[in-house]
Every structure is written in C-alpha cells, then in structure tokens.
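With PDB, C-alpha atoms and all ligand atoms inside, this is upload32.pdb:
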```pdb
ATOM      1  CA  MET A   1     -27.367  34.153 -18.298  1.00  0.00           C
ATOM      2  CA  THR A   2     -28.393  31.134 -16.251  1.00  0.00           C
ATOM      3  CA  LEU A   3     -28.111  31.166 -12.451  1.00  0.00           C
ATOM      4  CA  LEU A   4     -27.906  27.829 -10.648  1.00  0.00           C
ATOM      5  CA  ALA A   5     -28.087  27.434  -6.867  1.00  0.00           C
ATOM      6  CA  HIS A   6     -25.996  24.405  -6.018  1.00  0.00           C
ATOM      7  CA  LEU A   7     -26.560  22.694  -2.656  1.00  0.00           C
ATOM      8  CA  SER A   8     -25.085  19.466  -1.391  1.00  0.00           C
ATOM      9  CA  ASP A   9     -24.777  17.058   1.509  1.00  0.00           C
ATOM     10  CA  SER A  10     -27.736  18.051   3.644  1.00  0.00           C
ATOM     11  CA  HIS A  11     -27.474  14.682   5.482  1.00  0.00           C
ATOM     12  CA  VAL A  12     -30.894  15.249   6.997  1.00  0.00           C
ATOM     13  CA  GLY A  13     -31.207  12.962  10.013  1.00  0.00           C
ATOM     14  CA  ALA A  14     -27.523  13.172  10.967  1.00  0.00           C
ATOM     15  CA  THR A  15     -28.060  15.652  13.803  1.00  0.00           C
ATOM     16  CA  ASP A  16     -30.983  17.325  15.563  1.00  0.00           C
ATOM     17  CA  HIS A  17     -30.450  20.451  13.477  1.00  0.00           C
ATOM     18  CA  SER A  18     -29.690  19.021  10.061  1.00  0.00           C
ATOM     19  CA  ALA A  19     -33.079  19.983   8.639  1.00  0.00           C
ATOM     20  CA  GLN A  20     -32.690  23.451  10.139  1.00  0.00           C
ATOM     21  CA  ARG A  21     -29.406  23.909   8.271  1.00  0.00           C
ATOM     22  CA  LEU A  22     -31.075  22.950   4.979  1.00  0.00           C
ATOM     23  CA  ARG A  23     -33.949  25.325   5.715  1.00  0.00           C
ATOM     24  CA  ALA A  24     -31.489  28.169   6.409  1.00  0.00           C
ATOM     25  CA  VAL A  25     -29.702  27.599   3.102  1.00  0.00           C
ATOM     26  CA  LEU A  26     -32.945  27.551   1.143  1.00  0.00           C
ATOM     27  CA  ALA A  27     -34.036  30.776   2.841  1.00  0.00           C
ATOM     28  CA  ALA A  28     -30.744  32.459   1.886  1.00  0.00           C
ATOM     29  CA  LEU A  29     -30.943  31.748  -1.856  1.00  0.00           C
ATOM     30  CA  PRO A  30     -31.316  34.822  -4.050  1.00  0.00           C
ATOM     31  CA  ALA A  31     -34.499  35.538  -5.958  1.00  0.00           C
ATOM     32  CA  GLY A  32     -34.477  34.587  -9.598  1.00  0.00           C
ATOM     33  CA  VAL A  33     -32.387  31.431  -9.600  1.00  0.00           C
ATOM     34  CA  ASP A  34     -33.160  29.332 -12.662  1.00  0.00           C
ATOM     35  CA  ALA A  35     -32.780  26.043 -10.790  1.00  0.00           C
ATOM     36  CA  ILE A  36     -31.873  24.626  -7.400  1.00  0.00           C
ATOM     37  CA  LEU A  37     -29.626  21.539  -7.527  1.00  0.00           C
ATOM     38  CA  LEU A  38     -28.956  19.214  -4.587  1.00  0.00           C
ATOM     39  CA  THR A  39     -26.044  16.898  -5.382  1.00  0.00           C
ATOM     40  CA  GLY A  40     -26.518  13.976  -3.044  1.00  0.00           C
ATOM     41  CA  ASP A  41     -26.194  12.788   0.535  1.00  0.00           C
ATOM     42  CA  VAL A  42     -29.651  14.269   0.815  1.00  0.00           C
ATOM     43  CA  SER A  43     -30.406  12.054   3.826  1.00  0.00           C
ATOM     44  CA  ASP A  44     -27.947  10.610   6.329  1.00  0.00           C
ATOM     45  CA  HIS A  45     -29.265   7.041   6.587  1.00  0.00           C
ATOM     46  CA  GLY A  46     -31.639   6.685   3.642  1.00  0.00           C
ATOM     47  CA  ALA A  47     -34.589   6.524   6.043  1.00  0.00           C
ATOM     48  CA  PRO A  48     -38.087   7.251   4.690  1.00  0.00           C
ATOM     49  CA  GLY A  49     -38.687   9.892   7.374  1.00  0.00           C
ATOM     50  CA  GLU A  50     -35.484  11.702   6.385  1.00  0.00           C
ATOM     51  CA  TYR A  51     -36.636  11.909   2.757  1.00  0.00           C
ATOM     52  CA  ARG A  52     -40.094  13.053   3.759  1.00  0.00           C
ATOM     53  CA  ALA A  53     -38.489  15.825   5.836  1.00  0.00           C
ATOM     54  CA  VAL A  54     -36.409  16.956   2.847  1.00  0.00           C
ATOM     55  CA  ARG A  55     -39.426  16.769   0.554  1.00  0.00           C
ATOM     56  CA  SER A  56     -41.349  19.070   2.868  1.00  0.00           C
ATOM     57  CA  LEU A  57     -38.548  21.666   2.664  1.00  0.00           C
ATOM     58  CA  LEU A  58     -37.351  21.537  -0.949  1.00  0.00           C
ATOM     59  CA  PRO A  59     -39.272  23.304  -3.699  1.00  0.00           C
ATOM     60  CA  ALA A  60     -40.900  20.704  -5.953  1.00  0.00           C
ATOM     61  CA  SER A  61     -38.837  22.034  -8.859  1.00  0.00           C
ATOM     62  CA  ALA A  62     -35.502  21.272  -7.171  1.00  0.00           C
ATOM     63  CA  LEU A  63     -33.217  18.901  -9.094  1.00  0.00           C
ATOM     64  CA  VAL A  64     -31.667  16.064  -7.090  1.00  0.00           C
ATOM     65  CA  CYS A  65     -29.304  13.127  -7.443  1.00  0.00           C
ATOM     66  CA  PRO A  66     -28.311  10.573  -4.820  1.00  0.00           C
ATOM     67  CA  GLY A  67     -25.045  10.197  -2.882  1.00  0.00           C
ATOM     68  CA  ASN A  68     -23.403   7.389  -0.961  1.00  0.00           C
ATOM     69  CA  HIS A  69     -25.563   8.066   2.122  1.00  0.00           C
ATOM     70  CA  ASP A  70     -28.735   7.675   0.054  1.00  0.00           C
ATOM     71  CA  LEU A  71     -30.659   4.526  -0.770  1.00  0.00           C
ATOM     72  CA  ARG A  72     -32.145   4.366  -4.255  1.00  0.00           C
ATOM     73  CA  ALA A  73     -35.472   2.704  -3.404  1.00  0.00           C
ATOM     74  CA  GLU A  74     -36.237   5.050  -0.515  1.00  0.00           C
ATOM     75  CA  PHE A  75     -34.971   8.077  -2.460  1.00  0.00           C
ATOM     76  CA  ARG A  76     -37.352   7.253  -5.325  1.00  0.00           C
ATOM     77  CA  GLU A  77     -40.365   6.554  -3.211  1.00  0.00           C
ATOM     78  CA  HIS A  78     -40.147   9.058  -0.389  1.00  0.00           C
ATOM     79  CA  LEU A  79     -38.273  11.988  -1.948  1.00  0.00           C
ATOM     80  CA  LEU A  80     -39.359  11.803  -5.588  1.00  0.00           C
ATOM     81  CA  GLY A  81     -42.738  10.113  -5.111  1.00  0.00           C
ATOM     82  CA  LEU A  82     -41.930   7.443  -7.705  1.00  0.00           C
ATOM     83  CA  PRO A  83     -42.434   3.687  -7.512  1.00  0.00           C
ATOM     84  CA  PRO A  84     -39.518   1.976  -5.764  1.00  0.00           C
ATOM     85  CA  GLY A  85     -36.729   0.562  -7.890  1.00  0.00           C
ATOM     86  CA  ASP A  86     -33.010   0.012  -7.781  1.00  0.00           C
ATOM     87  CA  ALA A  87     -31.916   1.386 -11.155  1.00  0.00           C
ATOM     88  CA  PRO A  88     -29.659   4.470 -11.233  1.00  0.00           C
ATOM     89  CA  ILE A  89     -31.603   7.685 -10.655  1.00  0.00           C
ATOM     90  CA  ASN A  90     -30.740   9.843 -13.666  1.00  0.00           C
ATOM     91  CA  SER A  91     -32.767  12.799 -14.909  1.00  0.00           C
ATOM     92  CA  ALA A  92     -32.399  15.391 -17.669  1.00  0.00           C
ATOM     93  CA  HIS A  93     -33.705  18.952 -17.334  1.00  0.00           C
ATOM     94  CA  ARG A  94     -33.876  21.546 -20.096  1.00  0.00           C
ATOM     95  CA  LEU A  95     -33.643  25.099 -18.797  1.00  0.00           C
ATOM     96  CA  PRO A  96     -33.675  28.037 -21.206  1.00  0.00           C
ATOM     97  CA  GLY A  97     -30.272  27.731 -22.882  1.00  0.00           C
ATOM     98  CA  LEU A  98     -28.911  24.968 -20.658  1.00  0.00           C
ATOM     99  CA  LEU A  99     -29.224  21.205 -20.306  1.00  0.00           C
ATOM    100  CA  VAL A 100     -28.743  19.908 -16.744  1.00  0.00           C
ATOM    101  CA  LEU A 101     -28.057  16.210 -16.300  1.00  0.00           C
ATOM    102  CA  MET A 102     -28.519  14.943 -12.742  1.00  0.00           C
ATOM    103  CA  CYS A 103     -26.538  11.697 -12.662  1.00  0.00           C
ATOM    104  CA  ASP A 104     -26.374   8.802 -10.214  1.00  0.00           C
ATOM    105  CA  SER A 105     -22.802   7.976  -9.139  1.00  0.00           C
ATOM    106  CA  LEU A 106     -23.632   5.819  -6.117  1.00  0.00           C
ATOM    107  CA  VAL A 107     -22.524   2.231  -5.737  1.00  0.00           C
ATOM    108  CA  PRO A 108     -24.925   0.400  -3.389  1.00  0.00           C
ATOM    109  CA  GLY A 109     -23.191  -0.477  -0.123  1.00  0.00           C
ATOM    110  CA  GLU A 110     -20.034   1.491  -0.937  1.00  0.00           C
ATOM    111  CA  ASP A 111     -18.806   5.000  -0.185  1.00  0.00           C
ATOM    112  CA  TYR A 112     -16.806   5.473  -3.383  1.00  0.00           C
ATOM    113  CA  GLY A 113     -18.563   6.424  -6.596  1.00  0.00           C
ATOM    114  CA  LEU A 114     -18.883   5.187 -10.139  1.00  0.00           C
ATOM    115  CA  LEU A 115     -20.759   6.257 -13.245  1.00  0.00           C
ATOM    116  CA  ALA A 116     -22.246   2.930 -14.348  1.00  0.00           C
ATOM    117  CA  GLU A 117     -22.190   1.967 -18.017  1.00  0.00           C
ATOM    118  CA  GLU A 118     -25.953   2.424 -18.092  1.00  0.00           C
ATOM    119  CA  THR A 119     -25.577   5.990 -16.787  1.00  0.00           C
ATOM    120  CA  LEU A 120     -22.764   6.890 -19.197  1.00  0.00           C
ATOM    121  CA  THR A 121     -24.839   5.570 -22.112  1.00  0.00           C
ATOM    122  CA  TRP A 122     -27.806   7.653 -20.990  1.00  0.00           C
ATOM    123  CA  MET A 123     -25.610  10.771 -20.619  1.00  0.00           C
ATOM    124  CA  ASP A 124     -24.196  10.244 -24.104  1.00  0.00           C
ATOM    125  CA  ALA A 125     -27.685   9.953 -25.605  1.00  0.00           C
ATOM    126  CA  GLU A 126     -28.946  13.084 -23.852  1.00  0.00           C
ATOM    127  CA  LEU A 127     -25.908  15.121 -24.910  1.00  0.00           C
ATOM    128  CA  SER A 128     -26.050  13.787 -28.475  1.00  0.00           C
ATOM    129  CA  ALA A 129     -29.700  14.811 -28.845  1.00  0.00           C
ATOM    130  CA  GLU A 130     -28.843  18.535 -28.694  1.00  0.00           C
ATOM    131  CA  PRO A 131     -25.123  18.980 -29.308  1.00  0.00           C
ATOM    132  CA  GLU A 132     -25.408  22.756 -29.636  1.00  0.00           C
ATOM    133  CA  LEU A 133     -27.078  23.212 -26.256  1.00  0.00           C
ATOM    134  CA  PRO A 134     -24.658  24.075 -23.421  1.00  0.00           C
ATOM    135  CA  ALA A 135     -24.805  21.483 -20.642  1.00  0.00           C
ATOM    136  CA  VAL A 136     -23.666  20.829 -17.089  1.00  0.00           C
ATOM    137  CA  LEU A 137     -23.251  17.401 -15.511  1.00  0.00           C
ATOM    138  CA  ALA A 138     -24.146  17.061 -11.819  1.00  0.00           C
ATOM    139  CA  PHE A 139     -23.264  14.009  -9.733  1.00  0.00           C
ATOM    140  CA  HIS A 140     -22.218  13.357  -6.148  1.00  0.00           C
ATOM    141  CA  HIS A 141     -18.672  11.969  -6.260  1.00  0.00           C
ATOM    142  CA  PRO A 142     -16.040  14.318  -7.715  1.00  0.00           C
ATOM    143  CA  PRO A 143     -13.631  12.785 -10.249  1.00  0.00           C
ATOM    144  CA  ILE A 144     -10.670  14.726  -8.812  1.00  0.00           C
ATOM    145  CA  GLN A 145      -8.353  14.582  -5.801  1.00  0.00           C
ATOM    146  CA  ILE A 146      -8.852  17.480  -3.387  1.00  0.00           C
ATOM    147  CA  GLY A 147      -5.979  17.002  -0.947  1.00  0.00           C
ATOM    148  CA  ILE A 148      -7.935  15.433   1.927  1.00  0.00           C
ATOM    149  CA  GLU A 149      -7.262  11.744   2.473  1.00  0.00           C
ATOM    150  CA  LEU A 150     -10.739  10.490   3.346  1.00  0.00           C
ATOM    151  CA  PRO A 151     -12.710  11.958   0.436  1.00  0.00           C
ATOM    152  CA  ASP A 152      -9.848  11.275  -1.958  1.00  0.00           C
ATOM    153  CA  SER A 153     -10.077   7.580  -1.057  1.00  0.00           C
ATOM    154  CA  ILE A 154     -13.797   7.440  -1.890  1.00  0.00           C
ATOM    155  CA  ARG A 155     -13.977   9.713  -4.921  1.00  0.00           C
ATOM    156  CA  LEU A 156     -15.317   8.768  -8.360  1.00  0.00           C
ATOM    157  CA  ARG A 157     -13.462   5.749  -9.740  1.00  0.00           C
ATOM    158  CA  GLU A 158     -12.918   4.376 -13.247  1.00  0.00           C
ATOM    159  CA  THR A 159     -13.164   7.823 -14.800  1.00  0.00           C
ATOM    160  CA  GLU A 160     -12.031   6.822 -18.301  1.00  0.00           C
ATOM    161  CA  GLY A 161     -15.630   6.652 -19.489  1.00  0.00           C
ATOM    162  CA  LEU A 162     -16.296  10.184 -18.242  1.00  0.00           C
ATOM    163  CA  THR A 163     -13.173  11.482 -19.980  1.00  0.00           C
ATOM    164  CA  ALA A 164     -14.270   9.878 -23.247  1.00  0.00           C
ATOM    165  CA  LEU A 165     -17.758  11.346 -22.859  1.00  0.00           C
ATOM    166  CA  LEU A 166     -16.332  14.845 -22.344  1.00  0.00           C
ATOM    167  CA  ASP A 167     -14.103  14.419 -25.384  1.00  0.00           C
ATOM    168  CA  ARG A 168     -17.199  13.652 -27.461  1.00  0.00           C
ATOM    169  CA  HIS A 169     -19.261  16.532 -26.057  1.00  0.00           C
ATOM    170  CA  PRO A 170     -17.506  19.888 -25.983  1.00  0.00           C
ATOM    171  CA  GLN A 171     -20.782  21.586 -25.012  1.00  0.00           C
ATOM    172  CA  VAL A 172     -20.374  20.372 -21.412  1.00  0.00           C
ATOM    173  CA  ARG A 173     -19.450  23.543 -19.519  1.00  0.00           C
ATOM    174  CA  ALA A 174     -18.855  22.145 -16.031  1.00  0.00           C
ATOM    175  CA  LEU A 175     -19.078  19.208 -13.646  1.00  0.00           C
ATOM    176  CA  LEU A 176     -20.998  19.968 -10.430  1.00  0.00           C
ATOM    177  CA  CYS A 177     -20.337  17.689  -7.465  1.00  0.00           C
ATOM    178  CA  GLY A 178     -20.629  17.323  -3.694  1.00  0.00           C
ATOM    179  CA  HIS A 179     -19.438  14.623  -1.283  1.00  0.00           C
ATOM    180  CA  VAL A 180     -16.376  16.377   0.147  1.00  0.00           C
ATOM    181  CA  HIS A 181     -18.180  18.942   2.333  1.00  0.00           C
ATOM    182  CA  SER A 182     -15.957  21.803   1.217  1.00  0.00           C
ATOM    183  CA  PRO A 183     -16.305  24.521  -1.429  1.00  0.00           C
ATOM    184  CA  VAL A 184     -13.772  23.494  -4.079  1.00  0.00           C
ATOM    185  CA  ALA A 185     -12.877  24.603  -7.605  1.00  0.00           C
ATOM    186  CA  GLY A 186     -10.769  22.308  -9.777  1.00  0.00           C
ATOM    187  CA  ASP A 187     -10.746  20.836 -13.241  1.00  0.00           C
ATOM    188  CA  PHE A 188     -11.070  17.436 -14.900  1.00  0.00           C
ATOM    189  CA  ALA A 189     -10.360  16.571 -18.525  1.00  0.00           C
ATOM    190  CA  GLY A 190     -10.221  20.248 -19.357  1.00  0.00           C
ATOM    191  CA  ARG A 191     -13.572  21.140 -17.776  1.00  0.00           C
ATOM    192  CA  PRO A 192     -14.235  23.127 -14.610  1.00  0.00           C
ATOM    193  CA  VAL A 193     -15.239  21.080 -11.551  1.00  0.00           C
ATOM    194  CA  ARG A 194     -17.242  22.907  -8.890  1.00  0.00           C
ATOM    195  CA  ILE A 195     -17.946  21.268  -5.544  1.00  0.00           C
ATOM    196  CA  ALA A 196     -20.625  22.767  -3.307  1.00  0.00           C
ATOM    197  CA  PRO A 197     -19.990  23.320   0.393  1.00  0.00           C
ATOM    198  CA  GLY A 198     -21.482  20.774   2.783  1.00  0.00           C
ATOM    199  CA  ILE A 199     -24.721  21.887   4.367  1.00  0.00           C
ATOM    200  CA  ILE A 200     -24.288  19.582   7.362  1.00  0.00           C
ATOM    201  CA  SER A 201     -20.568  20.199   8.004  1.00  0.00           C
ATOM    202  CA  THR A 202     -17.273  21.405   6.564  1.00  0.00           C
ATOM    203  CA  MET A 203     -14.338  19.098   5.946  1.00  0.00           C
ATOM    204  CA  GLN A 204     -10.948  20.598   6.594  1.00  0.00           C
ATOM    205  CA  LEU A 205      -7.557  20.317   5.003  1.00  0.00           C
ATOM    206  CA  PRO A 206      -4.780  18.828   7.157  1.00  0.00           C
ATOM    207  CA  GLY A 207      -3.401  21.539   9.443  1.00  0.00           C
ATOM    208  CA  GLU A 208      -6.482  23.746   9.439  1.00  0.00           C
ATOM    209  CA  ALA A 209      -7.759  24.858  12.831  1.00  0.00           C
ATOM    210  CA  GLY A 210     -11.152  23.499  13.697  1.00  0.00           C
ATOM    211  CA  LYS A 211     -13.106  20.801  15.412  1.00  0.00           C
ATOM    212  CA  GLY A 212     -11.871  17.843  13.421  1.00  0.00           C
ATOM    213  CA  LYS A 213     -12.297  16.455   9.946  1.00  0.00           C
ATOM    214  CA  PHE A 214     -15.999  17.266   9.836  1.00  0.00           C
ATOM    215  CA  ASP A 215     -16.381  20.668  11.428  1.00  0.00           C
ATOM    216  CA  LEU A 216     -19.948  21.234  12.609  1.00  0.00           C
ATOM    217  CA  THR A 217     -19.206  24.675  14.008  1.00  0.00           C
ATOM    218  CA  MET A 218     -18.907  26.315  10.595  1.00  0.00           C
ATOM    219  CA  GLY A 219     -22.132  27.467   9.008  1.00  0.00           C
ATOM    220  CA  PRO A 220     -23.816  25.709   6.098  1.00  0.00           C
ATOM    221  CA  GLY A 221     -23.076  26.980   2.616  1.00  0.00           C
ATOM    222  CA  PHE A 222     -24.001  26.776  -1.037  1.00  0.00           C
ATOM    223  CA  ALA A 223     -22.663  27.739  -4.466  1.00  0.00           C
ATOM    224  CA  LEU A 224     -24.140  30.032  -7.088  1.00  0.00           C
ATOM    225  CA  HIS A 225     -23.080  29.260 -10.641  1.00  0.00           C
ATOM    226  CA  VAL A 226     -23.422  31.925 -13.305  1.00  0.00           C
ATOM    227  CA  LEU A 227     -23.394  30.429 -16.824  1.00  0.00           C
ATOM    228  CA  GLU A 228     -22.855  33.015 -19.484  1.00  0.00           C
ATOM    229  CA  ASP A 229     -20.957  33.388 -22.763  1.00  0.00           C
ATOM    230  CA  GLY A 230     -19.860  29.764 -22.754  1.00  0.00           C
ATOM    231  CA  GLY A 231     -18.247  29.871 -19.327  1.00  0.00           C
ATOM    232  CA  ILE A 232     -19.057  29.366 -15.658  1.00  0.00           C
ATOM    233  CA  THR A 233     -18.378  31.692 -12.739  1.00  0.00           C
ATOM    234  CA  THR A 234     -18.986  30.449  -9.215  1.00  0.00           C
ATOM    235  CA  HIS A 235     -19.788  32.383  -6.069  1.00  0.00           C
ATOM    236  CA  PHE A 236     -19.541  30.450  -2.808  1.00  0.00           C
ATOM    237  CA  ARG A 237     -21.598  31.492   0.220  1.00  0.00           C
ATOM    238  CA  VAL A 238     -21.271  30.384   3.839  1.00  0.00           C
ATOM    239  CA  LEU A 239     -23.958  31.354   6.328  1.00  0.00           C
ATOM    240  CA  PRO A 240     -23.330  32.493   9.901  1.00  0.00           C
ATOM    241  CA  VAL A 241     -23.613  29.570  12.281  1.00  0.00           C
ATOM    242  CA  GLU A 242     -25.938  31.444  14.667  1.00  0.00           C
ATOM    243  CA  GLY A 243     -29.424  30.004  14.416  1.00  0.00           C
ATOM    244  CA  VAL A 244     -28.271  26.858  12.627  1.00  0.00           C
ATOM    245  CA  VAL A 245     -26.523  25.260  15.586  1.00  0.00           C
ATOM    246  CA  LEU A 246     -24.969  21.800  15.665  1.00  0.00           C
TER     247      LEU A 246
HETATM  248 FE    FE B 301     -21.745  13.878   2.487  1.00  0.00          FE
HETATM  249 FE    FE B 302     -20.904  11.536   0.111  1.00  0.00          FE
END
```
Once more with this new file: its structure as structure tokens, please.
Amino acid sequence: MTLLAHLSDSHVGATDHSAQRLRAVLAALPAGVDAILLTGDVSDHGAPGEYRAVRSLLPASALVCPGNHDLRAEFREHLLGLPPGDAPINSAHRLPGLLVLMCDSLVPGEDYGLLAEETLTWMDAELSAEPELPAVLAFHHPPIQIGIELPDSIRLRETEGLTALLDRHPQVRALLCGHVHSPVAGDFAGRPVRIAPGIISTMQLPGEAGKGKFDLTMGPGFALHVLEDGGITTHFRVLPVEGVVL
C-alpha cells in the first residue's frame, strides 16, 4: 500500500493567515505517509518571499508542481533552490511500487492550463521506461468540468494529448489535480481524477450557502490517497476553522 498526502492551493501571501493554514494542514497529516504532494498555486503572486515562506514550512521531500498563480523562475529559484529558468517544471519520483509524475500545466500569463508538447513527451518517456510500475500523474489544472463556471472556464485545455497518453499507458492509476479549491472526485478517459481541497479557501457550487465563490470561513483541507491492488481510494479531510482564521 502507498499513502499519498495531497495538498493544493496554499496561495501563501493571499491573506495574513495563508501560511498558518498551510502549517495547520501539514501538522494534521498522519504519520507514515509515503509522500506529500502540493499541486500548485503554492504562492498567490509568485513573489520570492512567498516561496521562501512555503520552503520554510514544507518538508524538503515534498513533491510540488506549479499552478496559474505561480511564476516558473521564482518557483525554481526560491522554492526549489534551482537556477532560474522558464522551462516547464516537471519531475519524476519513484516511490516503492509507485511512479509519481509532477507535471507543469501552467501557461505563463494565463489562468487556464495546458500540458505542453514538451511535457507530454517527457511524461511518455517516463511512463515508457517502466511500463509495469503503477503511476499517478499530478498537475494543477483538472481536465474535467466540475459544475462551477469560473474553474470550468479555466480548466485544462487541448486534452487530446493527455487522452492519447493514457491510452498508451494503462499503468496510470489516477490523475491528481488542484485549482478548483474543492474536494472533487471524477473521471477522465477512464481514469479516476482526484482534486484536493483548497488550503486557502473553498469554492462553492451555485446555490450553496456560504460567503461567496471563494469561502474563507471553511477550514483548510487535504486528501489522502490509498493506492493498493491496482486501485485508488481517497479520504478527504477538512480541518476546523478555529485557529486558522481568515
Ligand atoms: Fe488556486
Ligand atoms: Fe489555480
């Protein structure tokens, strides 16, 4: 069994308490997780100080990919400690019995997402190297509609390449995304899609009671993915809002 803690959308720098919400989530994770994933919108403005704040909180082993609120050069330099550069930030991680691909779906200057040809080629090569090894693909923008107008308008576009990739690689067990600030389970091209709750806020469906589209009064949350026997089971957690105020 592999246990993944899936976090997303910390947006550190968005509010006075954004870092506190990330800290609360990290403190709530169970012992024994095999990896911590953070699927983008790590910072709110892509500012160096926001990345340094996240870096001081996240375990060094945490796996990250950028979102539309992130800036590649700053993300590389101040979160990952790498030389600046503007190429997609893709990384492969081999856990016992599981390949995790952290993929860059951001389009500079845009809120919608795209898996660039360069990224799809890289994913294909990584998956082809060990076709028997179960894998999960993590990227910020979900390839599915979720029933909320704003995120649906800025979801992953041009998904034909992703569909073709999944057709070639049946070992991909799930797609792990963020971006929509709501715990969501769906499917794409026959594979489970799991979207982590937003740490900074919760986006609501039309008609739900709350404080608007981005509800800051709900607590931060995370997902726990159990990968076992070829499948994925997901447990969503939402923390009490006390102590992690707006
Ligand atoms: Fe976000
Ligand atoms: Fe986003």
In terms of the shortest atom-to-atom distance over only C-alpha atoms, which of A:Ser56, A:Thr233, A:Ser182, A:Ser91 is closest to A:Pro220?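 That would be A:Ser182, the residue with the smallest distance to A:Pro220.
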Counting all atoms listed in the file, find the residues whose atoms lie at most 10 Å from (-25.0, 1.8, -4.1) (file coordinates) and write them out as a short mmCIF file (atom, residue, chain, number, x, y, z; two decimals) with C-alpha atoms, in the frame of the given file.
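Dumped everything to selection_0.cif:
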```
data_model
loop_
_atom_site.label_atom_id
_atom_site.label_comp_id
_atom_site.auth_asym_id
_atom_site.auth_seq_id
_atom_site.Cartn_x
_atom_site.Cartn_y
_atom_site.Cartn_z
CA PRO A 66 -28.31 10.57 -4.82
CA GLY A 67 -25.04 10.20 -2.88
CA ASN A 68 -23.40 7.39 -0.96
CA HIS A 69 -25.56 8.07 2.12
CA ASP A 70 -28.74 7.68 0.05
CA LEU A 71 -30.66 4.53 -0.77
CA ARG A 72 -32.15 4.37 -4.26
CA ASP A 86 -33.01 0.01 -7.78
CA ALA A 87 -31.92 1.39 -11.16
CA PRO A 88 -29.66 4.47 -11.23
CA ASP A 104 -26.37 8.80 -10.21
CA SER A 105 -22.80 7.98 -9.14
CA LEU A 106 -23.63 5.82 -6.12
CA VAL A 107 -22.52 2.23 -5.74
CA PRO A 108 -24.92 0.40 -3.39
CA GLY A 109 -23.19 -0.48 -0.12
CA GLU A 110 -20.03 1.49 -0.94
CA ASP A 111 -18.81 5.00 -0.18
CA TYR A 112 -16.81 5.47 -3.38
CA GLY A 113 -18.56 6.42 -6.60
CA LEU A 114 -18.88 5.19 -10.14
#
```
Would you list the contacts of stretch 159-165 of chain A as a PyMOL selection string, taking every protein, DNA or RNA residue within 10 Å and counting only C-alpha atoms, but skipping same-chain residues closer than 2 positions in sequence? chain A and resi 113-117+120-121+123-124+127+143-144+156-157+167-170+172+188-191
Under the PyMOL selection byres (((chain A and resi 7-23) around 9) and not hetatm), which residues of this model are included? Write them out as a PDB file with C-alpha atoms, in the frame of the given file.
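expr.pdb, written as the output of this step:
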```
ATOM      1  CA  ALA A   5     -28.087  27.434  -6.867  1.00  0.00           C
ATOM      2  CA  HIS A   6     -25.996  24.405  -6.018  1.00  0.00           C
ATOM      3  CA  ALA A  24     -31.489  28.169   6.409  1.00  0.00           C
ATOM      4  CA  VAL A  25     -29.702  27.599   3.102  1.00  0.00           C
ATOM      5  CA  LEU A  26     -32.945  27.551   1.143  1.00  0.00           C
ATOM      6  CA  ALA A  27     -34.036  30.776   2.841  1.00  0.00           C
ATOM      7  CA  ALA A  28     -30.744  32.459   1.886  1.00  0.00           C
ATOM      8  CA  ILE A  36     -31.873  24.626  -7.400  1.00  0.00           C
ATOM      9  CA  LEU A  37     -29.626  21.539  -7.527  1.00  0.00           C
ATOM     10  CA  LEU A  38     -28.956  19.214  -4.587  1.00  0.00           C
ATOM     11  CA  THR A  39     -26.044  16.898  -5.382  1.00  0.00           C
ATOM     12  CA  GLY A  40     -26.518  13.976  -3.044  1.00  0.00           C
ATOM     13  CA  ASP A  41     -26.194  12.788   0.535  1.00  0.00           C
ATOM     14  CA  VAL A  42     -29.651  14.269   0.815  1.00  0.00           C
ATOM     15  CA  SER A  43     -30.406  12.054   3.826  1.00  0.00           C
ATOM     16  CA  ASP A  44     -27.947  10.610   6.329  1.00  0.00           C
ATOM     17  CA  HIS A  45     -29.265   7.041   6.587  1.00  0.00           C
ATOM     18  CA  GLY A  46     -31.639   6.685   3.642  1.00  0.00           C
ATOM     19  CA  ALA A  47     -34.589   6.524   6.043  1.00  0.00           C
ATOM     20  CA  GLY A  49     -38.687   9.892   7.374  1.00  0.00           C
ATOM     21  CA  GLU A  50     -35.484  11.702   6.385  1.00  0.00           C
ATOM     22  CA  TYR A  51     -36.636  11.909   2.757  1.00  0.00           C
ATOM     23  CA  ALA A  53     -38.489  15.825   5.836  1.00  0.00           C
ATOM     24  CA  VAL A  54     -36.409  16.956   2.847  1.00  0.00           C
ATOM     25  CA  LEU A  57     -38.548  21.666   2.664  1.00  0.00           C
ATOM     26  CA  LEU A  58     -37.351  21.537  -0.949  1.00  0.00           C
ATOM     27  CA  GLY A  67     -25.045  10.197  -2.882  1.00  0.00           C
ATOM     28  CA  HIS A  69     -25.563   8.066   2.122  1.00  0.00           C
ATOM     29  CA  ASP A  70     -28.735   7.675   0.054  1.00  0.00           C
ATOM     30  CA  HIS A 140     -22.218  13.357  -6.148  1.00  0.00           C
ATOM     31  CA  CYS A 177     -20.337  17.689  -7.465  1.00  0.00           C
ATOM     32  CA  GLY A 178     -20.629  17.323  -3.694  1.00  0.00           C
ATOM     33  CA  HIS A 179     -19.438  14.623  -1.283  1.00  0.00           C
ATOM     34  CA  VAL A 180     -16.376  16.377   0.147  1.00  0.00           C
ATOM     35  CA  HIS A 181     -18.180  18.942   2.333  1.00  0.00           C
ATOM     36  CA  ILE A 195     -17.946  21.268  -5.544  1.00  0.00           C
ATOM     37  CA  ALA A 196     -20.625  22.767  -3.307  1.00  0.00           C
ATOM     38  CA  PRO A 197     -19.990  23.320   0.393  1.00  0.00           C
ATOM     39  CA  GLY A 198     -21.482  20.774   2.783  1.00  0.00           C
ATOM     40  CA  ILE A 199     -24.721  21.887   4.367  1.00  0.00           C
ATOM     41  CA  ILE A 200     -24.288  19.582   7.362  1.00  0.00           C
ATOM     42  CA  SER A 201     -20.568  20.199   8.004  1.00  0.00           C
ATOM     43  CA  GLY A 219     -22.132  27.467   9.008  1.00  0.00           C
ATOM     44  CA  PRO A 220     -23.816  25.709   6.098  1.00  0.00           C
ATOM     45  CA  GLY A 221     -23.076  26.980   2.616  1.00  0.00           C
ATOM     46  CA  PHE A 222     -24.001  26.776  -1.037  1.00  0.00           C
ATOM     47  CA  ALA A 223     -22.663  27.739  -4.466  1.00  0.00           C
ATOM     48  CA  LEU A 224     -24.140  30.032  -7.088  1.00  0.00           C
ATOM     49  CA  GLY A 243     -29.424  30.004  14.416  1.00  0.00           C
ATOM     50  CA  VAL A 244     -28.271  26.858  12.627  1.00  0.00           C
ATOM     51  CA  VAL A 245     -26.523  25.260  15.586  1.00  0.00           C
ATOM     52  CA  LEU A 246     -24.969  21.800  15.665  1.00  0.00           C
TER      53      LEU A 246
END
```
Please compute the atom CA of A:Asn90-atom CA of A:Val64 distance, one decimal, in Å. 9.1 Å
For the structure shown, which residues end up in the PyMOL selection byres (((chain A and resi 132-134) around 9) and not hetatm)? Put them as number ranges by chain, please? A: 97-100, 127, 130-131, 135-136, 170-173, 230
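Checking A:Leu239, A:Ala209, A:Met203, A:Leu137 one by one against ligand FE 301 (chain B), counting only C-alpha atoms and all ligand atoms, you find the shortest gap at A:Met203.
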Nearest-residue call for ligand FE 301 (chain B), choices A:Ser128, A:Ser61, A:Thr202, A:Ser153, using only C-alpha atoms and all ligand atoms: A:Thr202
So how far away is atom CA of A:Ala60 from atom CA of A:Pro83, in Å? 17.2 Å
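Between atom CA of A:Val226 and atom CA of A:Leu3 the separation is 4.8 Å.
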